[in-house]
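The structure under discussion appears below in the form of structure tokens.
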Amino acid sequence: MKNNKSLSVREIQNNDIELIANYWREAEPKYLVSLGVDFNRLVTRDELQTVLTEQINMPIHKKMSYTLIWELKGKQVGHSNINKIEFGKEAFIHFHLWQSAIRQKGIGTEFIIKSLPHFFDNFNLKQLFCEPYALNPAPNKTLKKIGFKFERRYTTIPGAQNIKQEVNRWKLTKNHYKKLKVKTATNI
């Protein structure tokens, strides 16, 4: 994997909340369907504002969700977050590039790799899971490329905004993360 110096990752700030709200509220319906979104369960701007503001202000060991902002050449272009956090044990990762023009170009892979230290190290995780919609090939391909291991496919409602759907469960253990970290460092 290449190390693209024009990509950076940082913790969410209050001025990022509107951009995340815009992503969810202004995305093309076809795109949201590809994510398995249930339009009847989509959170409002106000709800999202409240949840993200609470997250920003909460001490790290009490966070139920933790969001990182992805920047390309200093401009916010996406985010990644973890939820279902069990500090010192595990969490579930989600990731989103906000603009269709930059999707499926490989930078999502790089952003995820740059995000992993924040998740594993800040929360002392032993394992990180991801459960993308099974019918959405892009995240499944990305997770495999990074080194997540496929565990199983099953039907569930994976998140508060989702329809009941088939998901693929992927897992990255701390040991595999450390190997990935070494491998990535040697390719710089």
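How things are named: the first chain in the structure tokens is A, the next is B, and so on; residues count from 1 in each chain; ligands count from 1 in the order shown.
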Interface rows for region 100-174 of chain A against region 53-73 of chain A: nearest pair, Å to one decimal, 9 Å, only C-alpha atoms, as JSON lines:
```
{"residue": "A:Phe111", "atom": "CA", "partner": "A:Trp70", "partner_atom": "CA", "distance": 6.7}
{"residue": "A:Ser115", "atom": "CA", "partner": "A:Leu68", "partner_atom": "CA", "distance": 7.3}
{"residue": "A:His118", "atom": "CA", "partner": "A:Leu68", "partner_atom": "CA", "distance": 8.4}
{"residue": "A:Phe119", "atom": "CA", "partner": "A:Tyr66", "partner_atom": "CA", "distance": 8.4}
{"residue": "A:Asn122", "atom": "CA", "partner": "A:Ile60", "partner_atom": "CA", "distance": 7.9}
{"residue": "A:Phe123", "atom": "CA", "partner": "A:His61", "partner_atom": "CA", "distance": 7.4}
```
Using only N, CA and C atoms, please write the residues we just selected to a file, as a PDB file, in the first residue's frame.
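Result file part-v7.pdb:
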```
ATOM      1  N   PHE A 111      -7.129   5.561   3.766  1.00  0.00           N
ATOM      2  CA  PHE A 111      -7.734   6.237   4.913  1.00  0.00           C
ATOM      3  C   PHE A 111      -8.017   5.248   6.047  1.00  0.00           C
ATOM      4  N   SER A 115      -6.557   5.184   9.826  1.00  0.00           N
ATOM      5  CA  SER A 115      -7.498   5.272  10.949  1.00  0.00           C
ATOM      6  C   SER A 115      -7.263   4.195  12.001  1.00  0.00           C
ATOM      7  N   HIS A 118      -5.688   4.896  15.499  1.00  0.00           N
ATOM      8  CA  HIS A 118      -6.571   5.656  16.397  1.00  0.00           C
ATOM      9  C   HIS A 118      -7.526   4.713  17.126  1.00  0.00           C
ATOM     10  N   PHE A 119      -8.043   3.734  16.412  1.00  0.00           N
ATOM     11  CA  PHE A 119      -9.011   2.818  17.004  1.00  0.00           C
ATOM     12  C   PHE A 119      -8.335   1.792  17.908  1.00  0.00           C
ATOM     13  N   ASN A 122      -6.068   3.905  20.835  1.00  0.00           N
ATOM     14  CA  ASN A 122      -6.838   4.739  21.767  1.00  0.00           C
ATOM     15  C   ASN A 122      -7.827   3.947  22.609  1.00  0.00           C
ATOM     16  N   PHE A 123      -8.299   2.821  22.076  1.00  0.00           N
ATOM     17  CA  PHE A 123      -9.303   2.020  22.784  1.00  0.00           C
ATOM     18  C   PHE A 123      -8.761   0.666  23.216  1.00  0.00           C
TER      19      PHE A 123
END
```
Region 108-171 of chain A: residues DSSP assigns to alpha helix (DSSP H), reported as a PyMOL selection string:
chain A and resi 108-122+137-146
Spatial neighbours of Asn140 (chain A), max dist 10 Å, only C-alpha atoms, sep filter under 3 positions, as a ChimeraX atom specification
/A:130-137,143-145,148,150,167-170
Store the residues picked out above in a file with C-alpha atoms, as a PDB file, in the first residue's frame.
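So out.pdb came out as:
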```pdb
ATOM      1  CA  CYS A 130     -16.911  -4.619  10.149  1.00  0.00           C
ATOM      2  CA  GLU A 131     -20.261  -5.773   8.770  1.00  0.00           C
ATOM      3  CA  PRO A 132     -20.908  -4.177   5.370  1.00  0.00           C
ATOM      4  CA  TYR A 133     -23.954  -4.933   3.275  1.00  0.00           C
ATOM      5  CA  ALA A 134     -23.160  -8.199   1.487  1.00  0.00           C
ATOM      6  CA  LEU A 135     -24.517  -6.822  -1.806  1.00  0.00           C
ATOM      7  CA  ASN A 136     -22.154  -3.813  -1.739  1.00  0.00           C
ATOM      8  CA  PRO A 137     -18.881  -5.076  -3.252  1.00  0.00           C
ATOM      9  CA  LEU A 143     -11.607  -4.976   3.887  1.00  0.00           C
ATOM     10  CA  LYS A 144     -10.105  -8.053   2.246  1.00  0.00           C
ATOM     11  CA  LYS A 145      -7.362  -5.949   0.629  1.00  0.00           C
ATOM     12  CA  PHE A 148      -9.460  -8.210   7.522  1.00  0.00           C
ATOM     13  CA  PHE A 150     -13.893 -12.958   6.436  1.00  0.00           C
ATOM     14  CA  VAL A 167     -23.987  -8.692   5.853  1.00  0.00           C
ATOM     15  CA  ASN A 168     -20.479 -10.049   5.647  1.00  0.00           C
ATOM     16  CA  ARG A 169     -18.679 -10.064   8.970  1.00  0.00           C
ATOM     17  CA  TRP A 170     -14.974  -9.229   8.729  1.00  0.00           C
TER      18      TRP A 170
END
```
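When the distance limit is 10 Å and only C-alpha atoms are what count, the residues near Ser100 (chain A), minus those fewer than 3 positions from it on the same chain, are A:Ala27, A:Glu28, A:Tyr31, A:Leu97, A:Arg103, A:Gln104.
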Using only C-alpha atoms, find the one residue out of A:Leu32, A:Leu42, A:Ile157, A:Leu52 that sits nearest to Ile20 (chain A).
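Of the candidates, the smallest distance to Ile20 (chain A) is held by A:Leu52.
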Choose the residue, out of A:Tyr23, A:Glu166, A:Lys5, A:Ile107, that has the smallest atom-to-atom separation from Thr44 (chain A); count only C-alpha atoms.
A:Tyr23
I need the residue nearest Ile93 (chain A) from this list: A:Asn40, A:Lys30, A:Arg10, A:Phe120. Use only C-alpha atoms for the distance.
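Distance minimum relative to Ile93 (chain A) lands on A:Phe120.
Of the listed residues A:Leu128, A:Ala138, A:Ile17, A:Ile163, the one whose atoms come nearest to Gln76 (chain A) is A:Ile17, with distances taken using only C-alpha atoms.
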Among region 28-140 of chain A, which residues carry a DSSP assignment of strand (DSSP E or B), reported as a PDB file with N, CA and C atoms, in the first residue's frame?
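Final output, result.pdb:
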```pdb
ATOM      1  N   VAL A  37     -29.490   1.306   3.664  1.00  0.00           N
ATOM      2  CA  VAL A  37     -30.156   2.287   4.522  1.00  0.00           C
ATOM      3  C   VAL A  37     -31.672   2.153   4.407  1.00  0.00           C
ATOM      4  N   SER A  65     -19.358   5.813  20.727  1.00  0.00           N
ATOM      5  CA  SER A  65     -19.000   5.974  19.324  1.00  0.00           C
ATOM      6  C   SER A  65     -17.822   6.946  19.265  1.00  0.00           C
ATOM      7  N   TYR A  66     -17.001   6.788  18.240  1.00  0.00           N
ATOM      8  CA  TYR A  66     -15.803   7.621  18.100  1.00  0.00           C
ATOM      9  C   TYR A  66     -15.577   7.844  16.614  1.00  0.00           C
ATOM     10  N   THR A  67     -15.521   9.100  16.199  1.00  0.00           N
ATOM     11  CA  THR A  67     -15.455   9.436  14.775  1.00  0.00           C
ATOM     12  C   THR A  67     -14.157  10.134  14.417  1.00  0.00           C
ATOM     13  N   LEU A  68     -13.617   9.736  13.266  1.00  0.00           N
ATOM     14  CA  LEU A  68     -12.447  10.372  12.676  1.00  0.00           C
ATOM     15  C   LEU A  68     -12.855  11.025  11.364  1.00  0.00           C
ATOM     16  N   ILE A  69     -12.239  12.141  11.061  1.00  0.00           N
ATOM     17  CA  ILE A  69     -12.481  12.841   9.796  1.00  0.00           C
ATOM     18  C   ILE A  69     -11.323  12.549   8.858  1.00  0.00           C
ATOM     19  N   TRP A  70     -11.668  12.264   7.622  1.00  0.00           N
ATOM     20  CA  TRP A  70     -10.672  12.005   6.582  1.00  0.00           C
ATOM     21  C   TRP A  70     -10.508  13.267   5.742  1.00  0.00           C
ATOM     22  N   GLU A  71      -9.251  13.676   5.541  1.00  0.00           N
ATOM     23  CA  GLU A  71      -8.963  14.867   4.749  1.00  0.00           C
ATOM     24  C   GLU A  71      -8.056  14.529   3.571  1.00  0.00           C
ATOM     25  N   LEU A  72      -8.386  15.112   2.428  1.00  0.00           N
ATOM     26  CA  LEU A  72      -7.583  15.012   1.215  1.00  0.00           C
ATOM     27  C   LEU A  72      -7.107  16.420   0.897  1.00  0.00           C
ATOM     28  N   LYS A  75      -8.805  19.097   2.940  1.00  0.00           N
ATOM     29  CA  LYS A  75     -10.261  19.262   2.845  1.00  0.00           C
ATOM     30  C   LYS A  75     -10.956  17.989   3.319  1.00  0.00           C
ATOM     31  N   GLN A  76     -11.990  18.155   4.160  1.00  0.00           N
ATOM     32  CA  GLN A  76     -12.745  17.006   4.661  1.00  0.00           C
ATOM     33  C   GLN A  76     -13.468  16.316   3.501  1.00  0.00           C
ATOM     34  N   VAL A  77     -13.235  14.984   3.389  1.00  0.00           N
ATOM     35  CA  VAL A  77     -13.847  14.229   2.289  1.00  0.00           C
ATOM     36  C   VAL A  77     -14.548  12.956   2.756  1.00  0.00           C
ATOM     37  N   GLY A  78     -14.482  12.659   4.044  1.00  0.00           N
ATOM     38  CA  GLY A  78     -15.114  11.444   4.533  1.00  0.00           C
ATOM     39  C   GLY A  78     -14.911  11.273   6.023  1.00  0.00           C
ATOM     40  N   HIS A  79     -15.414  10.165   6.516  1.00  0.00           N
ATOM     41  CA  HIS A  79     -15.235   9.873   7.940  1.00  0.00           C
ATOM     42  C   HIS A  79     -15.241   8.371   8.173  1.00  0.00           C
ATOM     43  N   SER A  80     -14.702   8.005   9.309  1.00  0.00           N
ATOM     44  CA  SER A  80     -14.750   6.631   9.793  1.00  0.00           C
ATOM     45  C   SER A  80     -15.109   6.709  11.260  1.00  0.00           C
ATOM     46  N   ASN A  81     -15.854   5.728  11.712  1.00  0.00           N
ATOM     47  CA  ASN A  81     -16.177   5.715  13.138  1.00  0.00           C
ATOM     48  C   ASN A  81     -16.244   4.280  13.635  1.00  0.00           C
ATOM     49  N   ILE A  82     -16.125   4.151  14.928  1.00  0.00           N
ATOM     50  CA  ILE A  82     -16.375   2.867  15.569  1.00  0.00           C
ATOM     51  C   ILE A  82     -17.544   3.049  16.528  1.00  0.00           C
ATOM     52  N   ASN A  83     -18.280   1.959  16.715  1.00  0.00           N
ATOM     53  CA  ASN A  83     -19.347   1.938  17.714  1.00  0.00           C
ATOM     54  C   ASN A  83     -19.375   0.546  18.330  1.00  0.00           C
ATOM     55  N   LYS A  84     -20.379   0.291  19.147  1.00  0.00           N
ATOM     56  CA  LYS A  84     -20.440  -0.969  19.899  1.00  0.00           C
ATOM     57  C   LYS A  84     -19.082  -1.215  20.574  1.00  0.00           C
ATOM     58  N   ILE A  85     -18.537  -0.151  21.143  1.00  0.00           N
ATOM     59  CA  ILE A  85     -17.197  -0.191  21.727  1.00  0.00           C
ATOM     60  C   ILE A  85     -17.222  -0.901  23.074  1.00  0.00           C
ATOM     61  N   GLU A  86     -16.379  -1.904  23.206  1.00  0.00           N
ATOM     62  CA  GLU A  86     -16.085  -2.529  24.493  1.00  0.00           C
ATOM     63  C   GLU A  86     -14.616  -2.235  24.743  1.00  0.00           C
ATOM     64  N   GLU A  90     -13.219  -4.872  21.935  1.00  0.00           N
ATOM     65  CA  GLU A  90     -13.596  -4.855  20.522  1.00  0.00           C
ATOM     66  C   GLU A  90     -14.479  -3.664  20.193  1.00  0.00           C
ATOM     67  N   ALA A  91     -14.628  -3.436  18.883  1.00  0.00           N
ATOM     68  CA  ALA A  91     -15.523  -2.399  18.366  1.00  0.00           C
ATOM     69  C   ALA A  91     -15.863  -2.751  16.921  1.00  0.00           C
ATOM     70  N   PHE A  92     -16.819  -2.005  16.361  1.00  0.00           N
ATOM     71  CA  PHE A  92     -17.241  -2.186  14.974  1.00  0.00           C
ATOM     72  C   PHE A  92     -16.931  -0.915  14.194  1.00  0.00           C
ATOM     73  N   ILE A  93     -16.268  -1.065  13.062  1.00  0.00           N
ATOM     74  CA  ILE A  93     -15.849   0.072  12.242  1.00  0.00           C
ATOM     75  C   ILE A  93     -16.824   0.315  11.092  1.00  0.00           C
ATOM     76  N   HIS A  94     -16.985   1.590  10.757  1.00  0.00           N
ATOM     77  CA  HIS A  94     -17.777   2.041   9.611  1.00  0.00           C
ATOM     78  C   HIS A  94     -16.937   3.090   8.891  1.00  0.00           C
ATOM     79  N   PHE A  95     -17.089   3.208   7.583  1.00  0.00           N
ATOM     80  CA  PHE A  95     -16.296   4.192   6.838  1.00  0.00           C
ATOM     81  C   PHE A  95     -17.069   4.691   5.630  1.00  0.00           C
ATOM     82  N   HIS A  96     -16.885   5.994   5.338  1.00  0.00           N
ATOM     83  CA  HIS A  96     -17.656   6.639   4.271  1.00  0.00           C
ATOM     84  C   HIS A  96     -16.838   7.730   3.589  1.00  0.00           C
ATOM     85  N   LEU A  97     -16.731   7.637   2.271  1.00  0.00           N
ATOM     86  CA  LEU A  97     -16.236   8.746   1.454  1.00  0.00           C
ATOM     87  C   LEU A  97     -17.466   9.508   0.982  1.00  0.00           C
ATOM     88  N   GLN A 127      -9.716  -6.654  18.921  1.00  0.00           N
ATOM     89  CA  GLN A 127     -10.229  -6.975  17.592  1.00  0.00           C
ATOM     90  C   GLN A 127     -11.206  -5.899  17.134  1.00  0.00           C
ATOM     91  N   LEU A 128     -11.266  -5.780  15.818  1.00  0.00           N
ATOM     92  CA  LEU A 128     -12.130  -4.796  15.186  1.00  0.00           C
ATOM     93  C   LEU A 128     -12.964  -5.519  14.130  1.00  0.00           C
ATOM     94  N   PHE A 129     -14.271  -5.313  14.166  1.00  0.00           N
ATOM     95  CA  PHE A 129     -15.186  -5.960  13.229  1.00  0.00           C
ATOM     96  C   PHE A 129     -15.759  -4.936  12.254  1.00  0.00           C
ATOM     97  N   CYS A 130     -16.169  -5.431  11.105  1.00  0.00           N
ATOM     98  CA  CYS A 130     -16.911  -4.619  10.149  1.00  0.00           C
ATOM     99  C   CYS A 130     -17.955  -5.514   9.501  1.00  0.00           C
ATOM    100  N   TYR A 133     -22.884  -4.312   4.056  1.00  0.00           N
ATOM    101  CA  TYR A 133     -23.954  -4.933   3.275  1.00  0.00           C
ATOM    102  C   TYR A 133     -23.306  -5.919   2.302  1.00  0.00           C
TER     103      TYR A 133
END
```
Hey, can you check how far CA of Thr156 (chain A) sits from CA of Gly36 (chain A)?
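Atom-to-atom, CA of Thr156 (chain A) and CA of Gly36 (chain A) are spaced 11.0 Å apart.
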May I ask for the distance between CA of Glu110 (chain A) and CA of Leu7 (chain A), given in Å to one decimal place?
8.0 Å
